[in-house]
>>> print(open('query-v2.cif').read())   # mmCIF, C-alpha atoms and all ligand atoms
data_protein
loop_
_atom_site.group_PDB
_atom_site.id
_atom_site.type_symbol
_atom_site.label_atom_id
_atom_site.label_comp_id
_atom_site.auth_asym_id
_atom_site.auth_seq_id
_atom_site.Cartn_x
_atom_site.Cartn_y
_atom_site.Cartn_z
ATOM 1 C CA MET A 1 4.832 0.918 -16.917
ATOM 2 C CA PRO A 2 1.093 0.438 -16.456
ATOM 3 C CA GLU A 3 -0.935 3.367 -15.263
ATOM 4 C CA LEU A 4 -4.373 2.851 -13.775
ATOM 5 C CA THR A 5 -7.150 5.418 -13.554
ATOM 6 C CA LEU A 6 -9.061 5.474 -10.281
ATOM 7 C CA PRO A 7 -12.112 7.732 -10.608
ATOM 8 C CA THR A 8 -13.356 7.328 -7.022
ATOM 9 C CA ALA A 9 -12.152 6.206 -3.591
ATOM 10 C CA ALA A 10 -14.098 2.971 -4.182
ATOM 11 C CA ASP A 11 -11.937 2.270 -7.232
ATOM 12 C CA THR A 12 -8.777 2.778 -5.194
ATOM 13 C CA ASN A 13 -10.167 0.483 -2.512
ATOM 14 C CA ALA A 14 -10.993 -2.107 -5.180
ATOM 15 C CA LEU A 15 -7.428 -1.955 -6.503
ATOM 16 C CA GLY A 16 -6.215 -2.683 -2.985
ATOM 17 C CA GLN A 17 -8.641 -5.600 -2.768
ATOM 18 C CA ARG A 18 -7.341 -7.126 -5.991
ATOM 19 C CA LEU A 19 -3.823 -6.770 -4.661
ATOM 20 C CA GLY A 20 -4.915 -8.435 -1.426
ATOM 21 C CA GLN A 21 -6.010 -11.481 -3.383
ATOM 22 C CA HIS A 22 -2.589 -11.910 -5.017
ATOM 23 C CA VAL A 23 -0.037 -11.127 -2.335
ATOM 24 C CA ARG A 24 1.818 -13.828 -0.492
ATOM 25 C CA ALA A 25 3.909 -14.070 2.657
ATOM 26 C CA GLY A 26 7.047 -11.924 2.592
ATOM 27 C CA ASP A 27 5.708 -9.453 0.035
ATOM 28 C CA LEU A 28 6.624 -5.776 0.233
ATOM 29 C CA VAL A 29 4.453 -3.052 -1.286
ATOM 30 C CA VAL A 30 5.681 0.541 -1.327
ATOM 31 C CA LEU A 31 3.174 3.365 -1.734
ATOM 32 C CA THR A 32 4.061 6.902 -2.695
ATOM 33 C CA GLY A 33 1.884 9.954 -3.214
ATOM 34 C CA ASP A 34 1.138 13.225 -1.481
ATOM 35 C CA LEU A 35 -1.129 13.590 1.515
ATOM 36 C CA GLY A 36 -4.637 12.657 0.439
ATOM 37 C CA ALA A 37 -3.470 10.795 -2.650
ATOM 38 C CA GLY A 38 -5.229 7.639 -1.458
ATOM 39 C CA LYS A 39 -2.481 5.523 0.055
ATOM 40 C CA THR A 40 -4.417 4.596 3.184
ATOM 41 C CA THR A 41 -7.565 4.071 1.109
ATOM 42 C CA LEU A 42 -5.636 1.510 -0.918
ATOM 43 C CA VAL A 43 -4.389 -0.219 2.242
ATOM 44 C CA GLN A 44 -7.991 -0.444 3.483
ATOM 45 C CA GLY A 45 -8.816 -2.355 0.306
ATOM 46 C CA LEU A 46 -5.730 -4.512 0.722
ATOM 47 C CA ALA A 47 -6.844 -5.509 4.214
ATOM 48 C CA ALA A 48 -10.312 -6.300 2.888
ATOM 49 C CA GLY A 49 -8.797 -8.372 0.085
ATOM 50 C CA LEU A 50 -6.903 -10.380 2.689
ATOM 51 C CA GLY A 51 -10.082 -10.797 4.673
ATOM 52 C CA ALA A 52 -8.733 -8.943 7.692
ATOM 53 C CA PRO A 53 -11.434 -7.351 9.792
ATOM 54 C CA GLY A 54 -10.780 -3.596 9.862
ATOM 55 C CA PRO A 55 -10.938 -0.823 10.334
ATOM 56 C CA VAL A 56 -7.582 0.177 8.906
ATOM 57 C CA VAL A 57 -6.655 3.611 10.145
ATOM 58 C CA SER A 58 -3.766 5.857 9.224
ATOM 59 C CA PRO A 59 -0.791 4.679 11.253
ATOM 60 C CA THR A 60 0.893 8.102 11.144
ATOM 61 C CA PHE A 61 1.206 8.563 14.868
ATOM 62 C CA VAL A 62 2.163 5.034 15.703
ATOM 63 C CA ILE A 63 4.351 4.395 12.638
ATOM 64 C CA ALA A 64 3.068 0.847 12.207
ATOM 65 C CA ARG A 65 0.139 -1.423 12.912
ATOM 66 C CA VAL A 66 -0.403 -5.123 12.357
ATOM 67 C CA TYR A 67 -3.785 -6.393 11.162
ATOM 68 C CA ARG A 68 -4.510 -10.046 11.731
ATOM 69 C CA GLY A 69 -7.436 -12.294 11.040
ATOM 70 C CA GLY A 70 -7.061 -12.387 7.276
ATOM 71 C CA ARG A 71 -5.335 -14.823 4.947
ATOM 72 C CA LEU A 72 -1.982 -13.292 5.994
ATOM 73 C CA PRO A 73 -1.001 -10.750 8.641
ATOM 74 C CA LEU A 74 -0.828 -7.246 7.199
ATOM 75 C CA VAL A 75 1.917 -4.938 8.468
ATOM 76 C CA HIS A 76 1.019 -1.329 7.659
ATOM 77 C CA VAL A 77 3.851 1.162 8.097
ATOM 78 C CA ASP A 78 3.730 4.924 7.659
ATOM 79 C CA ALA A 79 7.308 6.074 7.126
ATOM 80 C CA TYR A 80 6.422 9.775 6.950
ATOM 81 C CA ARG A 81 8.148 10.568 10.228
ATOM 82 C CA LEU A 82 11.071 8.272 9.730
ATOM 83 C CA GLY A 83 14.016 10.177 8.384
ATOM 84 C CA SER A 84 16.415 7.517 7.300
ATOM 85 C CA SER A 85 16.399 3.907 6.287
ATOM 86 C CA VAL A 86 13.676 2.050 8.103
ATOM 87 C CA GLU A 87 14.761 -0.787 10.257
ATOM 88 C CA VAL A 88 11.366 -2.336 10.496
ATOM 89 C CA ASP A 89 12.780 -4.738 13.050
ATOM 90 C CA ASP A 90 13.404 -1.717 15.269
ATOM 91 C CA LEU A 91 9.705 -0.963 15.230
ATOM 92 C CA ASP A 92 9.357 -3.960 17.494
ATOM 93 C CA LEU A 93 6.372 -5.283 15.605
ATOM 94 C CA ASP A 94 4.718 -8.352 16.920
ATOM 95 C CA ALA A 95 4.883 -9.874 13.444
ATOM 96 C CA ASP A 96 7.438 -11.646 11.320
ATOM 97 C CA LEU A 97 7.779 -9.915 7.945
ATOM 98 C CA ALA A 98 8.541 -13.225 6.254
ATOM 99 C CA ASP A 99 5.077 -14.446 7.247
ATOM 100 C CA SER A 100 3.289 -11.180 6.500
ATOM 101 C CA VAL A 101 2.481 -8.722 3.767
ATOM 102 C CA THR A 102 4.186 -5.405 4.472
ATOM 103 C CA VAL A 103 2.827 -2.208 2.967
ATOM 104 C CA VAL A 104 4.679 1.044 3.536
ATOM 105 C CA GLU A 105 3.302 4.531 2.949
ATOM 106 C CA TRP A 106 5.977 7.106 2.107
ATOM 107 C CA GLY A 107 8.435 4.262 1.899
ATOM 108 C CA ALA A 108 10.308 5.114 -1.296
ATOM 109 C CA GLY A 109 14.002 5.454 -0.620
ATOM 110 C CA LEU A 110 13.598 4.036 2.878
ATOM 111 C CA VAL A 111 12.581 0.421 2.783
ATOM 112 C CA GLU A 112 14.178 -0.965 -0.368
ATOM 113 C CA SER A 113 16.682 -2.847 1.768
ATOM 114 C CA LEU A 114 13.866 -4.948 3.220
ATOM 115 C CA SER A 115 13.343 -6.882 0.015
ATOM 116 C CA GLU A 116 14.853 -6.996 -3.446
ATOM 117 C CA GLU A 117 11.445 -7.789 -4.845
ATOM 118 C CA ARG A 118 8.705 -5.285 -4.303
ATOM 119 C CA LEU A 119 5.710 -3.639 -5.889
ATOM 120 C CA GLN A 120 5.593 0.136 -6.054
ATOM 121 C CA LEU A 121 2.402 2.103 -6.532
ATOM 122 C CA ALA A 122 2.730 5.835 -7.097
ATOM 123 C CA LEU A 123 -0.582 7.608 -6.546
ATOM 124 C CA THR A 124 -1.211 11.060 -7.928
ATOM 125 C CA ARG A 125 -4.146 13.369 -8.334
ATOM 126 C CA GLY A 126 -4.703 16.087 -10.879
ATOM 127 C CA LEU A 127 -4.706 19.820 -10.246
ATOM 128 C CA ASP A 128 -8.493 20.151 -10.461
ATOM 129 C CA GLU A 129 -9.784 20.056 -6.864
ATOM 130 C CA ASP A 130 -13.256 19.052 -8.056
ATOM 131 C CA ASP A 131 -11.927 15.973 -9.785
ATOM 132 C CA GLU A 132 -11.464 13.037 -7.415
ATOM 133 C CA THR A 133 -9.666 10.911 -9.956
ATOM 134 C CA ARG A 134 -6.383 9.406 -8.877
ATOM 135 C CA HIS A 135 -3.795 7.781 -11.063
ATOM 136 C CA ALA A 136 -1.647 4.853 -10.008
ATOM 137 C CA VAL A 137 1.619 4.177 -11.766
ATOM 138 C CA VAL A 138 2.588 0.573 -11.127
ATOM 139 C CA SER A 139 6.237 -0.479 -11.105
ATOM 140 C CA TRP A 140 8.092 -3.384 -9.588
ATOM 141 C CA SER A 141 11.316 -5.248 -9.188
ATOM 142 C CA GLY A 142 11.154 -9.020 -9.299
ATOM 143 C CA ASP A 143 9.596 -11.177 -12.001
ATOM 144 C CA ARG A 144 6.632 -12.389 -10.044
ATOM 145 C CA TRP A 145 5.214 -8.887 -9.723
ATOM 146 C CA ALA A 146 4.901 -8.554 -13.498
ATOM 147 C CA GLU A 147 2.077 -11.111 -13.437
ATOM 148 C CA ILE A 148 0.386 -9.414 -10.527
ATOM 149 C CA ALA A 149 0.667 -6.017 -12.200
ATOM 150 C CA ASP A 150 -1.253 -7.497 -15.137
ATOM 151 C CA ALA A 151 -3.935 -8.836 -12.824
ATOM 152 C CA LEU A 152 -4.261 -5.470 -11.111
ATOM 153 C CA SER A 153 -5.229 -3.687 -14.286
ATOM 154 C CA GLU A 154 -8.026 -6.111 -15.109
HETATM 155 N N1 LIG A 201 -10.122 8.265 -6.419
HETATM 156 C C1 LIG A 201 -9.821 8.309 -5.119
HETATM 157 N N2 LIG A 201 -8.920 7.430 -4.605
HETATM 158 C C2 LIG A 201 -8.580 7.478 -3.291
HETATM 159 N N3 LIG A 201 -9.102 8.345 -2.389
HETATM 160 C C3 LIG A 201 -10.003 9.228 -2.836
HETATM 161 C C4 LIG A 201 -10.401 9.244 -4.208
HETATM 162 N N4 LIG A 201 -11.309 10.221 -4.357
HETATM 163 C C5 LIG A 201 -11.468 10.773 -3.150
HETATM 164 N N5 LIG A 201 -10.711 10.186 -2.229
HETATM 165 C C6 LIG A 201 -10.630 10.587 -0.811
HETATM 166 O O1 LIG A 201 -9.344 11.157 -0.597
HETATM 167 C C7 LIG A 201 -8.876 10.806 0.700
HETATM 168 C C8 LIG A 201 -7.578 10.017 0.580
HETATM 169 O O2 LIG A 201 -7.047 9.892 1.868
HETATM 170 P P1 LIG A 201 -5.988 8.789 2.275
HETATM 171 O O3 LIG A 201 -6.326 7.490 1.630
HETATM 172 O O4 LIG A 201 -5.866 8.842 3.747
HETATM 173 O O5 LIG A 201 -4.674 9.374 1.575
HETATM 174 P P2 LIG A 201 -3.140 9.240 2.002
HETATM 175 O O6 LIG A 201 -2.988 8.028 2.863
HETATM 176 O O7 LIG A 201 -2.425 9.127 0.689
HETATM 177 O O8 LIG A 201 -2.784 10.523 2.707
HETATM 178 C C9 LIG A 201 -9.961 9.985 1.353
HETATM 179 O O9 LIG A 201 -10.765 10.834 2.115
HETATM 180 C C10 LIG A 201 -10.740 9.434 0.151
HETATM 181 O O10 LIG A 201 -12.069 9.157 0.454
HETATM 182 MG MG MG A 202 -2.103 7.710 4.715
#
>>> encode(input="query-v2.cif", output="structure tokens")
Amino acid sequence: MPELTLPTAADTNALGQRLGQHVRAGDLVVLTGDLGAGKTTLVQGLAAGLGAPGPVVSPTFVIARVYRGGRLPLVHVDAYRLGSSVEVDDLDLDADLADSVTVVEWGAGLVESLSEERLQLALTRGLDEDDETRHAVVSWSGDRWAEIADALSE
């Protein structure tokens, strides 16, 4: 499984931007990583890659936000406060997931039922507080993501 090194927040943003250039309607991206790992930073890049005017903010207290105005609508979900399987339909989003890109922070184990095909990015940071470097382990289910995973590491 590819692992990417992200020395600065700008690198994590740039990874999100590359992803934003490749995603298509109906895509599901699941982000894992502790608080501060860079999940929202990556989503900010994803929105920029789609051409959606920001700013993307952490959706923690609202669970989900929809960003429009880019190539595709971006549905940004923070599943941190959701205990069990997410019924994204229950969030009453004003967006159709089939027409959107959905990215879920803290979504592992919760949103797999939404799509058989998905990209997973696991963000981690090292123990050294002075080192800002993050690492992203890229995994996926579904053939089409293999190509995108290659493009992401370019
Ligand atoms: N290499 C890096 N990648 C991502 N964020 C970084 C990096 N280095 C420093 N940061 C900072 O760490 C914080 C990450 O916060 P955020 O993206 O909200 O994380 P999360 O959503 O995972 O809790 C931001 O303040 C960001 O500027
Ligand atoms: Mg976040």
>>> resolve_selection(input="query-v2.cif", expression="the PyMOL selection byres (((chain A and resi 41) around 12) and not hetatm)", output="tab-separated table (two decimals) with C-alpha atoms, in the coordinates of the input")
chain	number	residue	atom	x	y	z
A	6	LEU	CA	-9.06	5.47	-10.28
A	8	THR	CA	-13.36	7.33	-7.02
A	9	ALA	CA	-12.15	6.21	-3.59
A	10	ALA	CA	-14.10	2.97	-4.18
A	11	ASP	CA	-11.94	2.27	-7.23
A	12	THR	CA	-8.78	2.78	-5.19
A	13	ASN	CA	-10.17	0.48	-2.51
A	14	ALA	CA	-10.99	-2.11	-5.18
A	15	LEU	CA	-7.43	-1.96	-6.50
A	16	GLY	CA	-6.22	-2.68	-2.98
A	17	GLN	CA	-8.64	-5.60	-2.77
A	31	LEU	CA	3.17	3.36	-1.73
A	33	GLY	CA	1.88	9.95	-3.21
A	35	LEU	CA	-1.13	13.59	1.52
A	36	GLY	CA	-4.64	12.66	0.44
A	37	ALA	CA	-3.47	10.80	-2.65
A	38	GLY	CA	-5.23	7.64	-1.46
A	39	LYS	CA	-2.48	5.52	0.06
A	40	THR	CA	-4.42	4.60	3.18
A	42	LEU	CA	-5.64	1.51	-0.92
A	43	VAL	CA	-4.39	-0.22	2.24
A	44	GLN	CA	-7.99	-0.44	3.48
A	45	GLY	CA	-8.82	-2.36	0.31
A	46	LEU	CA	-5.73	-4.51	0.72
A	47	ALA	CA	-6.84	-5.51	4.21
A	48	ALA	CA	-10.31	-6.30	2.89
A	55	PRO	CA	-10.94	-0.82	10.33
A	56	VAL	CA	-7.58	0.18	8.91
A	57	VAL	CA	-6.66	3.61	10.14
A	58	SER	CA	-3.77	5.86	9.22
A	105	GLU	CA	3.30	4.53	2.95
A	123	LEU	CA	-0.58	7.61	-6.55
A	134	ARG	CA	-6.38	9.41	-8.88
>>> closest_residue(input="query-v2.cif", among="A:Val111, A:His135, A:Leu119, A:Gly51", to="ligand LIG 201 (chain A)", atoms="only C-alpha atoms and all ligand atoms")
A:His135
>>> closest_residue(input="query-v2.cif", among="A:Leu4, A:Leu82, A:Leu50, A:Leu114", to="ligand LIG 201 (chain A)", atoms="only C-alpha atoms and all ligand atoms")
A:Leu4
>>> closest_residue(input="query-v2.cif", among="A:Val103, A:Asp27, A:Met1, A:Pro53", to="ligand MG 202 (chain A)", atoms="all atoms listed in the file")
A:Val103
>>> atom_distance(input="query-v2.cif", atom1="CA of Leu74 in chain A", atom2="CA of Gly26 in chain A")
10.3 Å
>>> closest_residue(input="query-v2.cif", among="A:Ile63, A:Gly49, A:Asp130, A:Arg125", to="Leu19 in chain A", atoms="all atoms listed in the file")
A:Gly49
>>> residues_around(input="query-v2.cif", residues="Val77 in chain A", least_positions_apart="2", cutoff="8 Å", atoms="all atoms listed in the file", output="mmCIF file with C-alpha atoms, in the coordinates of the input")
data_model
loop_
_atom_site.group_PDB
_atom_site.id
_atom_site.type_symbol
_atom_site.label_atom_id
_atom_site.label_comp_id
_atom_site.auth_asym_id
_atom_site.auth_seq_id
_atom_site.Cartn_x
_atom_site.Cartn_y
_atom_site.Cartn_z
ATOM 1 C CA PRO A 59 -0.791 4.679 11.253
ATOM 2 C CA ILE A 63 4.351 4.395 12.638
ATOM 3 C CA ALA A 64 3.068 0.847 12.207
ATOM 4 C CA ARG A 65 0.139 -1.423 12.912
ATOM 5 C CA VAL A 75 1.917 -4.938 8.468
ATOM 6 C CA ALA A 79 7.308 6.074 7.126
ATOM 7 C CA THR A 102 4.186 -5.405 4.472
ATOM 8 C CA VAL A 103 2.827 -2.208 2.967
ATOM 9 C CA VAL A 104 4.679 1.044 3.536
ATOM 10 C CA GLU A 105 3.302 4.531 2.949
#
>>> axis_aligned_box(input="query-v2.cif", around="range 25-34 of chain A", padding_each_side="5 Å", output="AutoDock Vina command-line options")
--center_x 4.1 --center_y -0.4 --center_z -0.3 --size_x 15.9 --size_y 37.3 --size_z 15.9
>>> atom_distance(input="query-v2.cif", atom1="CA of Val23 in chain A", atom2="atom C7 of ligand LIG 201 (chain A)")
23.8 Å
>>> atom_distance(input="query-v2.cif", atom1="atom O1 of ligand LIG 201 (chain A)", atom2="CA of Thr133 in chain A")
9.4 Å
>>> build_atoms(input="query-v2.cif", residues="range 17-52 of chain A", atoms="N, CA and C atoms", output="short mmCIF file (atom, residue, chain, number, x, y, z; two decimals), in the frame of the given file")
data_model
loop_
_atom_site.label_atom_id
_atom_site.label_comp_id
_atom_site.auth_asym_id
_atom_site.auth_seq_id
_atom_site.Cartn_x
_atom_site.Cartn_y
_atom_site.Cartn_z
N GLN A 17 -8.05 -4.26 -2.97
CA GLN A 17 -8.64 -5.60 -2.77
C GLN A 17 -8.08 -6.61 -3.75
N ARG A 18 -7.92 -6.20 -5.00
CA ARG A 18 -7.34 -7.13 -5.99
C ARG A 18 -5.92 -7.50 -5.57
N LEU A 19 -5.19 -6.50 -5.13
CA LEU A 19 -3.82 -6.77 -4.66
C LEU A 19 -3.85 -7.76 -3.49
N GLY A 20 -4.80 -7.57 -2.60
CA GLY A 20 -4.92 -8.44 -1.43
C GLY A 20 -5.17 -9.89 -1.79
N GLN A 21 -5.75 -10.11 -2.97
CA GLN A 21 -6.01 -11.48 -3.38
C GLN A 21 -4.76 -12.16 -3.95
N HIS A 22 -3.77 -11.35 -4.35
CA HIS A 22 -2.59 -11.91 -5.02
C HIS A 22 -1.34 -11.97 -4.15
N VAL A 23 -1.28 -11.18 -3.10
CA VAL A 23 -0.04 -11.13 -2.34
C VAL A 23 0.19 -12.43 -1.58
N ARG A 24 1.47 -12.64 -1.27
CA ARG A 24 1.82 -13.83 -0.49
C ARG A 24 2.80 -13.41 0.61
N ALA A 25 3.07 -14.35 1.49
CA ALA A 25 3.91 -14.07 2.66
C ALA A 25 5.27 -13.55 2.21
N GLY A 26 5.74 -12.51 2.89
CA GLY A 26 7.05 -11.92 2.59
C GLY A 26 6.99 -10.77 1.62
N ASP A 27 5.81 -10.52 1.04
CA ASP A 27 5.71 -9.45 0.04
C ASP A 27 5.86 -8.07 0.65
N LEU A 28 6.45 -7.18 -0.15
CA LEU A 28 6.62 -5.78 0.23
C LEU A 28 5.98 -4.89 -0.83
N VAL A 29 5.12 -4.01 -0.40
CA VAL A 29 4.45 -3.05 -1.29
C VAL A 29 4.79 -1.65 -0.79
N VAL A 30 5.29 -0.82 -1.69
CA VAL A 30 5.68 0.54 -1.33
C VAL A 30 4.73 1.52 -2.01
N LEU A 31 4.12 2.38 -1.21
CA LEU A 31 3.17 3.36 -1.73
C LEU A 31 3.76 4.77 -1.65
N THR A 32 3.67 5.50 -2.74
CA THR A 32 4.06 6.90 -2.70
C THR A 32 2.88 7.75 -3.16
N GLY A 33 2.96 9.03 -2.86
CA GLY A 33 1.88 9.95 -3.21
C GLY A 33 1.70 10.95 -2.09
N ASP A 34 1.30 12.15 -2.47
CA ASP A 34 1.14 13.22 -1.48
C ASP A 34 0.03 12.89 -0.49
N LEU A 35 -0.04 13.71 0.55
CA LEU A 35 -1.13 13.59 1.52
C LEU A 35 -2.47 13.64 0.78
N GLY A 36 -3.33 12.68 1.07
CA GLY A 36 -4.64 12.66 0.44
C GLY A 36 -4.66 11.96 -0.91
N ALA A 37 -3.53 11.44 -1.33
CA ALA A 37 -3.47 10.80 -2.65
C ALA A 37 -4.26 9.49 -2.68
N GLY A 38 -4.45 8.88 -1.50
CA GLY A 38 -5.23 7.64 -1.46
C GLY A 38 -4.45 6.43 -0.98
N LYS A 39 -3.31 6.65 -0.39
CA LYS A 39 -2.48 5.52 0.06
C LYS A 39 -3.21 4.69 1.11
N THR A 40 -3.73 5.35 2.13
CA THR A 40 -4.42 4.60 3.18
C THR A 40 -5.70 3.96 2.65
N THR A 41 -6.36 4.64 1.74
CA THR A 41 -7.56 4.07 1.11
C THR A 41 -7.22 2.75 0.41
N LEU A 42 -6.07 2.73 -0.24
CA LEU A 42 -5.64 1.51 -0.92
C LEU A 42 -5.33 0.41 0.10
N VAL A 43 -4.72 0.79 1.21
CA VAL A 43 -4.39 -0.22 2.24
C VAL A 43 -5.67 -0.78 2.85
N GLN A 44 -6.70 0.06 2.97
CA GLN A 44 -7.99 -0.44 3.48
C GLN A 44 -8.53 -1.53 2.56
N GLY A 45 -8.40 -1.33 1.26
CA GLY A 45 -8.82 -2.36 0.31
C GLY A 45 -7.95 -3.60 0.40
N LEU A 46 -6.66 -3.38 0.60
CA LEU A 46 -5.73 -4.51 0.72
C LEU A 46 -6.11 -5.38 1.91
N ALA A 47 -6.42 -4.75 3.03
CA ALA A 47 -6.84 -5.51 4.21
C ALA A 47 -8.13 -6.28 3.91
N ALA A 48 -9.05 -5.63 3.23
CA ALA A 48 -10.31 -6.30 2.89
C ALA A 48 -10.06 -7.48 1.96
N GLY A 49 -9.13 -7.29 1.02
CA GLY A 49 -8.80 -8.37 0.08
C GLY A 49 -8.17 -9.57 0.79
N LEU A 50 -7.48 -9.30 1.89
CA LEU A 50 -6.90 -10.38 2.69
C LEU A 50 -7.94 -11.00 3.62
N GLY A 51 -9.06 -10.32 3.76
CA GLY A 51 -10.08 -10.80 4.67
C GLY A 51 -9.84 -10.40 6.11
N ALA A 52 -9.00 -9.40 6.33
CA ALA A 52 -8.73 -8.94 7.69
C ALA A 52 -9.85 -8.01 8.14
#
